[in-house]
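Trainee: Sharing entry-v9.txt here; it has compact mmCIF, C-alpha atoms.
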```
# COMPACT_ATOMS: atom_id res chain seq x y z
CA MET A 851 183.38 72.56 68.44
CA PRO A 852 182.74 75.07 71.25
CA GLY A 853 179.32 75.23 72.81
CA THR A 854 177.10 78.20 73.52
CA VAL A 855 175.15 78.86 76.72
CA LEU A 856 172.32 81.35 77.13
CA LEU A 857 171.40 82.23 80.72
CA LEU A 858 168.09 84.10 80.82
CA ALA A 859 166.44 85.15 84.07
CA ALA A 860 163.45 87.48 83.83
CA SER A 861 160.52 88.61 85.95
CA PRO A 862 158.61 91.86 86.40
CA VAL A 863 159.67 94.55 88.81
CA GLY A 864 157.14 95.25 91.58
CA LYS A 865 154.09 93.49 92.89
CA GLY A 866 153.55 91.48 89.68
CA ARG A 867 156.67 89.42 90.35
CA LEU A 868 155.87 85.74 90.96
CA VAL A 869 159.46 84.45 91.20
CA ASP A 870 162.80 85.97 92.11
CA ALA A 871 164.31 84.76 88.86
CA ALA A 872 167.59 86.69 88.89
CA SER A 873 168.55 85.28 92.30
CA VAL A 874 169.77 82.10 90.63
CA LEU A 875 172.12 83.80 88.17
CA PRO A 876 175.08 84.27 90.56
CA VAL A 877 175.01 80.54 91.29
CA LEU A 878 174.79 79.62 87.59
CA ALA A 879 177.45 82.18 86.65
CA ALA A 880 179.83 80.54 89.13
CA VAL A 881 179.70 77.30 87.13
CA PRO A 882 182.58 76.98 84.63
CA PRO A 883 181.29 77.50 81.04
CA PRO A 884 182.38 74.02 79.84
CA VAL A 885 180.30 72.45 82.63
CA LEU A 886 177.28 74.60 81.77
CA SER A 887 177.59 73.53 78.14
CA GLY A 888 178.91 69.99 78.39
CA THR A 889 181.64 70.85 75.86
CA ASP A 890 185.40 71.47 76.19
CA THR A 891 184.93 75.22 75.69
CA ALA A 892 181.86 77.45 75.65
CA ASN A 893 180.69 81.02 75.21
CA VAL A 894 178.17 82.29 77.75
CA ILE A 895 175.49 84.93 77.12
CA GLU A 896 173.81 86.22 80.29
CA LEU A 897 170.58 88.25 80.45
CA ALA A 898 169.42 89.39 83.88
CA ASP A 899 165.96 90.98 84.15
CA PRO A 900 166.01 92.39 80.59
CA LEU A 901 163.63 95.22 79.69
CA ASP A 902 163.00 94.89 75.96
CA PRO A 903 161.70 91.78 74.14
CA GLN A 904 163.47 92.84 70.92
CA ALA A 905 166.81 92.97 72.75
CA VAL A 906 166.21 89.47 74.11
CA LEU A 907 165.29 88.29 70.63
CA THR A 908 168.56 89.68 69.25
CA ARG A 909 170.63 87.78 71.82
CA LEU A 910 168.57 84.62 71.34
CA ARG A 911 169.04 84.86 67.58
CA ALA A 912 172.80 85.20 67.99
CA ALA A 913 172.92 82.17 70.29
CA ALA A 914 170.80 80.11 67.88
CA ALA A 915 173.08 81.00 64.96
CA ALA A 916 176.22 79.82 66.72
CA PRO A 917 177.60 76.45 65.57
CA GLY A 918 177.95 73.65 68.04
CA PRO A 919 175.74 72.60 70.95
CA LEU A 920 173.47 75.20 72.54
CA THR A 921 172.16 75.02 76.10
CA VAL A 922 169.48 77.51 77.15
CA TYR A 923 168.74 78.05 80.85
CA VAL A 924 165.51 80.04 81.41
CA THR A 925 164.21 81.12 84.80
CA GLY A 926 161.14 83.34 85.02
CA GLN A 927 157.38 83.60 84.84
CA LEU A 928 154.82 83.00 82.14
CA GLN A 929 151.84 85.25 81.45
CA THR A 930 149.31 85.27 78.62
CA ASP A 931 148.43 88.28 76.51
CA ARG A 932 144.85 89.53 76.53
CA ARG A 933 144.38 89.41 72.75
CA GLN A 934 145.55 85.94 71.75
CA HIS A 935 145.85 84.28 75.17
CA LEU A 936 149.28 82.86 74.30
CA PRO A 937 152.15 82.40 76.78
CA HIS A 938 154.88 85.03 77.07
CA LEU A 939 157.99 85.22 79.24
CA ALA A 940 157.39 88.29 81.41
CA LEU A 941 160.22 90.85 81.43
CA ALA A 942 161.07 93.62 83.88
CA ARG A 943 158.43 96.10 82.66
CA THR A 944 155.64 93.58 82.04
CA THR A 945 152.22 94.12 83.61
CA PRO A 946 149.03 92.13 82.92
CA ALA A 947 147.81 94.89 80.59
CA THR A 948 151.07 95.19 78.59
CA VAL A 949 152.09 91.55 78.08
CA ARG A 950 151.80 91.71 74.28
CA TYR A 951 154.22 94.65 74.06
CA THR A 952 156.63 94.22 76.97
CA ALA A 953 157.04 90.42 77.30
CA LEU A 954 158.81 87.88 75.09
CA PRO A 955 156.31 85.68 73.17
CA TRP A 956 157.19 82.08 73.95
CA HIS A 957 156.76 81.12 70.30
CA TRP A 958 159.69 83.42 69.43
CA ILE A 959 161.97 81.02 71.30
CA LYS A 960 160.62 78.08 69.31
CA GLU A 961 160.95 79.99 66.02
CA GLU A 962 164.56 81.02 66.60
CA LEU A 963 165.63 77.47 67.49
CA ARG A 964 163.64 75.87 64.68
CA LEU A 965 166.39 75.11 62.18
CA ARG A 966 169.24 74.29 64.51
CA PRO A 967 170.72 70.84 63.89
CA THR A 968 168.65 68.01 65.30
CA GLY A 969 169.72 67.12 68.82
CA ALA A 970 172.04 70.14 69.19
CA THR A 971 169.83 72.18 71.53
CA THR A 972 168.85 71.60 75.16
CA LEU A 973 166.54 73.81 77.21
CA LEU A 974 166.45 73.74 81.01
CA LEU A 975 163.43 75.66 82.31
CA ASP A 976 162.27 76.80 85.74
CA LEU A 977 159.06 78.74 85.17
CA HIS A 978 156.20 80.01 87.32
CA ALA A 979 152.82 80.81 85.78
CA ASP A 980 150.11 83.23 86.79
CA GLN A 981 146.63 81.76 87.29
CA GLU A 982 145.37 82.36 83.74
CA THR A 983 148.51 80.90 82.18
CA TRP A 984 148.45 77.97 84.59
CA GLU A 985 144.93 77.09 83.42
CA TRP A 986 146.06 77.46 79.78
CA LEU A 987 149.00 75.10 80.36
CA ARG A 988 146.72 72.46 81.82
CA ARG A 989 145.04 72.31 78.40
CA ASN A 990 148.00 73.04 76.10
CA PRO A 991 151.60 71.81 76.11
CA LEU A 992 154.40 74.39 76.25
CA ASP A 993 155.76 74.09 72.71
CA CYS A 994 159.55 74.45 72.58
CA GLY A 995 160.06 73.04 69.08
CA ARG A 996 160.27 69.56 67.65
CA ASP A 997 164.07 69.21 67.50
CA ASN A 998 165.01 70.31 71.02
CA ALA A 999 165.51 68.46 74.29
CA VAL A 1000 163.50 70.14 77.06
CA TYR A 1001 163.74 69.56 80.80
CA GLY A 1002 162.36 71.47 83.77
CA ARG A 1003 159.14 72.43 85.47
CA VAL A 1004 156.34 74.98 85.44
CA ALA A 1005 155.03 75.85 88.89
CA PRO A 1006 151.61 77.30 89.74
CA PRO A 1007 151.27 80.80 91.22
CA PRO A 1008 152.91 81.03 94.66
CA ARG A 1009 150.58 81.44 97.64
CA ARG A 1010 152.47 84.47 98.94
CA GLY A 1011 155.49 86.51 97.96
CA PRO A 1012 157.85 85.84 95.06
CA ALA A 1013 158.79 82.17 94.87
CA VAL A 1014 162.34 80.84 94.80
CA PRO A 1015 163.47 79.09 91.57
CA THR A 1016 164.34 75.91 93.44
CA TYR A 1017 164.60 73.71 90.34
CA MET A 1018 167.20 75.93 88.63
CA ARG A 1019 169.01 76.42 91.92
CA GLY A 1020 169.20 72.66 92.15
CA VAL A 1021 170.62 72.49 88.62
CA ALA A 1022 173.23 75.14 89.48
CA THR A 1023 174.20 73.46 92.74
CA ILE A 1024 174.73 70.11 91.03
CA LEU A 1025 176.81 71.69 88.26
CA ARG A 1026 178.99 73.62 90.71
CA SER A 1027 180.50 70.29 91.70
CA GLY A 1028 182.31 70.45 88.34
CA HIS A 1029 180.52 67.41 86.93
CA ARG A 1030 177.70 67.64 84.38
CA PRO A 1031 175.48 64.54 84.39
CA PRO A 1032 173.56 63.68 81.23
CA PRO A 1033 170.61 66.11 80.89
CA GLY A 1034 168.00 63.53 81.90
CA ASP A 1035 169.93 62.62 85.06
CA LEU A 1036 170.58 66.29 85.87
CA HIS A 1037 166.86 66.93 85.51
CA GLN A 1038 165.85 64.13 87.87
CA GLN A 1039 168.39 65.19 90.50
CA ALA A 1040 167.25 68.83 90.28
CA LEU A 1041 163.60 67.78 90.58
CA ALA A 1042 164.40 65.81 93.72
CA ARG A 1043 166.22 68.79 95.27
CA SER A 1044 163.39 71.13 94.30
CA ALA A 1045 160.71 68.85 95.77
CA ALA A 1046 162.63 68.59 99.03
CA GLU A 1047 163.09 72.36 99.26
CA ASP A 1048 159.46 73.06 98.35
CA GLY A 1049 158.16 70.65 100.96
CA GLY A 1050 157.19 67.90 98.54
CA ARG A 1051 154.80 69.97 96.43
CA SER A 1052 153.59 67.85 93.52
CA ALA A 1053 151.47 70.36 91.57
CA ASP A 1054 154.26 71.36 89.18
CA LEU A 1055 154.01 70.50 85.50
CA VAL A 1056 157.18 68.52 84.80
CA LEU A 1057 158.79 69.01 81.38
CA THR A 1058 160.67 65.98 80.07
CA VAL A 1059 161.26 65.87 76.31
CA PRO A 1060 164.49 64.01 75.51
CA GLY A 1061 164.58 65.27 71.92
CA PRO A 1062 163.80 63.98 68.44
CA ALA A 1063 163.75 60.31 67.61
CA ALA A 1064 166.27 58.79 65.24
CA GLY A 1065 165.34 59.09 61.60
CA ASP A 1066 163.78 62.56 61.85
CA PRO A 1067 163.91 64.01 58.29
CA HIS A 1068 165.15 67.33 59.64
CA ALA A 1069 168.41 65.68 60.70
CA ALA A 1070 169.51 65.01 57.10
CA VAL A 1071 168.59 68.56 56.07
CA ALA A 1072 170.51 70.06 59.00
CA ALA A 1073 173.53 67.86 58.28
CA ALA A 1074 173.63 69.07 54.66
CA VAL A 1075 173.51 72.70 55.82
CA GLN A 1076 176.31 72.11 58.33
CA ALA A 1077 178.42 70.61 55.55
CA GLY A 1078 177.75 73.59 53.27
CA ARG A 1079 175.71 71.51 50.80
CA HIS A 1080 172.91 74.06 50.51
CA ALA A 1081 171.53 72.79 47.20
CA ASP A 1082 171.27 69.26 48.62
CA ALA A 1083 169.53 70.57 51.73
CA ASP A 1084 166.97 72.43 49.64
CA ALA A 1085 166.40 69.40 47.41
CA LEU A 1086 165.69 67.23 50.46
CA ALA A 1087 163.31 69.81 51.92
CA ALA A 1088 161.60 70.26 48.53
CA ALA A 1089 160.96 66.51 48.34
CA HIS A 1090 159.33 66.55 51.79
CA GLU A 1091 157.34 69.63 50.77
CA ARG A 1092 156.00 67.84 47.67
CA ASP A 1093 155.08 64.78 49.73
CA ALA A 1094 153.23 66.95 52.25
CA VAL A 1095 151.35 68.82 49.50
CA TYR A 1096 150.33 65.52 47.90
CA ALA A 1097 149.26 63.96 51.20
CA HIS A 1098 147.66 66.92 52.97
CA GLY A 1099 147.24 69.81 50.51
CA PRO A 1100 149.28 72.98 49.86
CA ALA A 1101 147.74 74.93 52.77
CA SER A 1102 148.28 72.16 55.33
CA GLU A 1103 150.56 72.73 58.32
CA ASP A 1104 152.88 69.95 57.10
CA ALA A 1105 153.29 71.56 53.68
CA LEU A 1106 153.70 75.08 55.06
CA HIS A 1107 156.26 73.82 57.56
CA TRP A 1108 158.48 72.60 54.74
CA THR A 1109 157.95 75.85 52.81
CA GLU A 1110 159.19 77.63 55.95
CA VAL A 1111 162.18 75.30 56.15
CA ARG A 1112 163.08 76.08 52.52
CA ALA A 1113 162.80 79.82 53.22
CA ASP A 1114 165.26 79.44 56.10
CA LEU A 1115 167.55 77.28 53.96
CA ALA A 1116 167.65 80.05 51.35
CA MET A 1117 168.72 82.47 54.09
CA PHE A 1118 171.53 80.12 55.14
CA ALA A 1119 172.58 79.85 51.49
CA GLY A 1120 172.82 83.66 51.21
CA ASP A 1121 169.84 83.99 48.85
CA PRO A 1122 167.58 86.67 50.42
CA VAL A 1123 165.37 86.93 47.32
CA ARG A 1124 164.36 83.27 47.50
CA SER A 1125 164.05 83.43 51.28
CA CYS A 1126 161.82 86.53 51.13
CA LEU A 1127 159.66 84.90 48.45
CA GLY A 1128 159.26 81.81 50.60
CA TRP A 1129 158.13 83.77 53.64
CA LEU A 1130 155.77 85.91 51.57
CA THR A 1131 154.23 82.72 50.20
CA VAL A 1132 153.78 81.31 53.70
CA ALA A 1133 152.19 84.52 54.97
CA ARG A 1134 149.72 84.76 52.10
CA SER A 1135 148.84 81.07 52.34
CA ARG A 1136 148.07 81.38 56.03
CA LEU A 1137 145.99 84.52 55.55
CA ASN A 1138 144.10 82.98 52.63
CA ALA A 1139 143.38 79.96 54.82
CA GLY A 1140 141.60 82.26 57.28
CA GLN A 1141 144.32 82.66 59.90
CA ALA A 1142 144.20 85.96 61.79
CA ALA A 1143 146.60 88.76 60.93
CA ASP A 1144 147.97 88.67 64.48
CA ALA A 1145 148.36 84.88 64.63
CA PRO A 1146 151.93 84.04 65.70
CA ALA A 1147 152.73 82.06 62.55
CA VAL A 1148 151.43 84.88 60.30
CA GLU A 1149 153.34 87.60 62.16
CA ALA A 1150 156.51 85.50 62.14
CA ALA A 1151 156.29 84.90 58.38
CA VAL A 1152 155.84 88.60 57.56
CA ASP A 1153 158.58 89.63 60.00
CA ARG A 1154 161.01 87.17 58.41
CA ALA A 1155 160.04 88.27 54.90
CA HIS A 1156 160.66 91.87 55.97
CA HIS A 1157 164.07 91.02 57.39
CA GLN A 1158 165.15 89.13 54.27
CA TRP A 1159 163.83 91.88 52.00
CA GLY A 1160 166.21 94.25 53.76
CA GLN A 1161 169.14 92.04 52.68
CA ILE A 1162 168.32 92.19 48.93
CA ARG A 1163 170.89 94.20 46.97
CA ASP A 1164 169.25 94.08 43.52
CA PRO A 1165 167.08 97.26 43.35
CA ARG A 1166 164.70 95.80 40.75
CA ARG A 1167 163.95 92.66 42.78
CA ALA A 1168 163.74 94.71 45.97
CA ARG A 1169 161.14 96.99 44.37
CA GLU A 1170 159.10 94.04 43.11
CA LEU A 1171 159.05 92.20 46.43
CA GLY A 1172 158.70 95.44 48.38
CA GLN A 1173 155.33 96.12 46.76
CA VAL A 1174 154.10 92.70 47.88
CA LEU A 1175 155.57 93.20 51.35
CA ALA A 1176 153.93 96.62 51.71
CA GLU A 1177 150.54 95.12 50.89
CA LEU A 1178 151.08 92.40 53.48
CA ARG A 1179 152.37 94.87 56.07
CA SER A 1180 149.16 96.88 55.70
CA ARG A 1181 147.31 93.74 56.83
CA VAL A 1182 149.93 92.40 59.27
CA PRO A 1183 151.60 95.34 61.05
CA GLY A 1184 153.32 93.05 63.58
CA ARG A 1185 154.60 94.03 67.01
CA ARG A 1186 157.23 96.59 66.00
CA ALA A 1187 155.83 100.09 65.59
CA GLY A 1188 156.43 101.68 62.18
CA ALA A 1189 157.11 98.50 60.18
CA LEU A 1190 154.84 99.57 57.29
CA ASP A 1191 156.33 103.07 57.25
CA HIS A 1192 159.79 101.51 57.05
CA VAL A 1193 158.82 99.52 53.94
CA ARG A 1194 157.33 102.60 52.28
CA ARG A 1195 160.41 104.73 53.01
CA GLN A 1196 162.71 102.05 51.60
CA LEU A 1197 160.52 101.75 48.49
CA ASP A 1198 160.72 105.51 47.95
CA GLN A 1199 164.51 105.30 48.07
CA LEU A 1200 164.54 102.34 45.69
CA GLN A 1201 162.63 104.34 43.06
CA THR A 1202 165.74 106.50 42.54
CA GLN A 1203 168.04 103.50 42.01
CA GLY A 1204 168.68 101.63 38.81
```
Please, can you express the file's structure as structure tokens?
Mentor:
Amino acid sequence: MPGTVLLLAASPVGKGRLVDAASVLPVLAAVPPPVLSGTDTANVIELADPLDPQAVLTRLRAAAAAPGPLTVYVTGQLQTDRRQHLPHLALARTTPATVRYTALPWHWIKEELRLRPTGATTLLLDLHADQETWEWLRRNPLDCGRDNAVYGRVAPPPRRGPAVPTYMRGVATILRSGHRPPPGDLHQQALARSAAEDGGRSADLVLTVPGPAAGDPHAAVAAAVQAGRHADADALAAAHERDAVYAHGPASEDALHWTEVRADLAMFAGDPVRSCLGWLTVARSRLNAGQAADAPAVEAAVDRAHHQWGQIRDPRRARELGQVLAELRSRVPGRRAGALDHVRRQLDQLQTQG
């Protein structure tokens, strides 16, 4: 099965730039796609200094939906937004005051990769953080999802001028030889090259997450989806959901996680009604538990419910769920301007249909 490679290099234009992220892309692009991916053939998606977080999300979503192994190379800088103080990947137009609207929330990456098959995704990261984000990362791990292998480093703010992405340049240089070591070995070799080029600096946060352990329950669910056994996948997830509700309660993170998994499984099975219902349930549960309307998990649930609602072809069911969605959208407007107006316009159109 062919692999997929996403090359993403992003940093702000102007004095806010901490790292010259795009400088590494020509070196990475010179590596043959099969070497970048570790598969016999591979498709490569390249994003150099993108402007719009929604455009990046679209390309990330397409890469995550592709079958086969996925390798994501990210070079750039992390900044936190002023409202939630959560990490974002800064894009070309990002400034400290506009992070929430012009940067890519890091949790979007985790969300899009969430239901890929266990062990099928590897992230290689060379990131620089501004001072506020650096302090945040010293207290909080950079969450890239439970089923993904993650290697790389996060560097503190450079003392002067944009820094050079020496870790990713090391990765690219090693791969240009035509040989792709196992990810862990590639990581260690790139770290050694980076340390030598940076003069032995040891302040970096090193990211080494080999991936999920054997026996992870998500593996059986993902295998059933890959085989087209959607009912079996849902039955497995439903059993884990029941166990989590019994052990921790219906509003627990464990239980809600499996409700989210079932909502995604319904999407894969081509059942937007069930998927929309699942995401609406998650959103309401989180809000009722006291989570903020702009909490990442709440926004993600409403956004996904909105997307699945748009796929429903039965006017009656679309009207029913649209009323619920409109009420939620009035509380959770999300990051895209006009989301509530969109629901209301669609509901008006649905009133004229049978």
Trainee: So the first atom is atom CA of Gly1061 of chain A and the second is atom CA of Asp1035 of chain A; what is the distance between them in Å, to one decimal place?
Mentor: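 These atoms are spaced 14.4 Å apart.
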Trainee: Can you tell me, as a PyMOL selection string, what residues are no more than 10 Å from Ala1145 of chain A when counting only C-alpha atoms, ignoring any on the same chain fewer than 3 positions away?
Mentor: chain A and resi 934+936+1136-1137+1141-1142+1148-1150+1182+1184
Trainee: At a cut-off of 9 Å, using only C-alpha atoms, what residues contact Leu987 of chain A? Leave out same-chain residues fewer than 4 positions from it and give the result as a list in words.
Mentor: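 Near Leu987 of chain A, the qualifying residues are Pro937, Ala979, Glu982, Thr983, Pro991, Leu992, Val1004 and Leu1055 of chain A.
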Trainee: Which residue out of A:Gly864, A:Pro1006, A:Gly1172, A:Pro1012 has the minimum interatomic distance to Val1152 of chain A when all atoms listed in the file are used?
Mentor: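 Result for the nearest residue to Val1152 of chain A: A:Gly1172.
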Trainee: With segment 1076-1096 of chain A as the partner and 12 Å as the cut-off, tabulate the residues of segment 878-971 of chain A that qualify, each row holding the nearest pair of atoms and their distance in Å to one decimal, using all atoms listed in the file, sorted by chain and rising number, as JSON lines.
Mentor:
```
{"residue": "A:Ala915", "atom": "CA", "partner": "A:Gln1076", "partner_atom": "CA", "distance": 11.6}
{"residue": "A:Ala916", "atom": "CA", "partner": "A:Gln1076", "partner_atom": "CA", "distance": 11.4}
{"residue": "A:Pro917", "atom": "CA", "partner": "A:Gln1076", "partner_atom": "CA", "distance": 8.5}
{"residue": "A:Gly918", "atom": "CA", "partner": "A:Gln1076", "partner_atom": "CA", "distance": 10.0}
{"residue": "A:Leu965", "atom": "CA", "partner": "A:Gln1076", "partner_atom": "CA", "distance": 11.1}
{"residue": "A:Arg966", "atom": "CA", "partner": "A:Gln1076", "partner_atom": "CA", "distance": 9.6}
{"residue": "A:Pro967", "atom": "CA", "partner": "A:Gln1076", "partner_atom": "CA", "distance": 8.0}
{"residue": "A:Thr968", "atom": "CA", "partner": "A:Gln1076", "partner_atom": "CA", "distance": 11.1}
{"residue": "A:Ala970", "atom": "CA", "partner": "A:Gln1076", "partner_atom": "CA", "distance": 11.8}
```
Trainee: Enter the distance from atom CA of Asp1164 of chain A to atom CA of Glu1110 of chain A, in Å, rounded to one decimal.
Mentor: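 A separation of 22.9 Å between them.
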Trainee: Could you tell me how far atom CA of Arg1185 of chain A sits from atom CA of Val863 of chain A, in Å to one decimal place?
Mentor: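 Interatomic distance, atom CA of Val863 of chain A to atom CA of Arg1185 of chain A: 22.4 Å.
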Trainee: I need the residue nearest Val1014 of chain A from this list: A:Thr952, A:Gln927, A:Asn998, A:Thr1058. Use all atoms listed in the file for the distance.
Mentor: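 When distances to Val1014 of chain A are compared using all atoms listed in the file, the smallest one comes from A:Gln927.
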Trainee: Report as a PyMOL selection string all protein, DNA and RNA residues lying within 12 Å of Thr930 of chain A, evaluated on only C-alpha atoms, omitting residues in the same chain fewer than 5 positions from it.
Mentor: chain A and resi 935-940+944-957+979-987
Trainee: When you count all atoms listed in the file, which of these residues is closest to His1107 of chain A: A:Ala1155, A:Val1132, A:Leu907, A:Val1021?
Mentor: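 Of A:Ala1155, A:Val1132, A:Leu907, A:Val1021, the one nearest His1107 of chain A, counting all atoms listed in the file, is A:Val1132.
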Trainee: Please provide the set of residues having any atom within 7 Å of Leu856 of chain A, restricted to only C-alpha atoms, with same-chain residues fewer than 6 positions apart removed, written as a list in words.
Mentor: Val894, Ile895, Glu896, Ala913, Thr921, Val922 and Tyr923 of chain A
Trainee: Compare A:Ala1040, A:Leu977, A:Ala1022, A:Ala1113 by their minimum atom-to-atom distance to Ala880 of chain A, counting only C-alpha atoms, and give me the closest one.
Mentor: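 Smallest distance to Ala880 of chain A is found for A:Ala1022.
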Trainee: Neighbours of Pro882 of chain A within 9 Å (all atoms listed in the file; same-chain residues fewer than 6 positions away dropped), as a ChimeraX atom specification?
Mentor: /A:1025-1026,1028
Trainee: Kindly indicate which residue among A:Gly969, A:Glu1047, A:Met1117, A:Ala1139 lies nearest to Ala1073 of chain A, using only C-alpha atoms for the distances.
Mentor: A:Gly969
Trainee: Using all atoms listed in the file, which of A:Ser887, A:Thr1016, A:Asp1198, A:Arg932 sits nearest Ala1046 of chain A?
Mentor: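 Looking only at the distances to Ala1046 of chain A, the closest residue turns out to be A:Thr1016.
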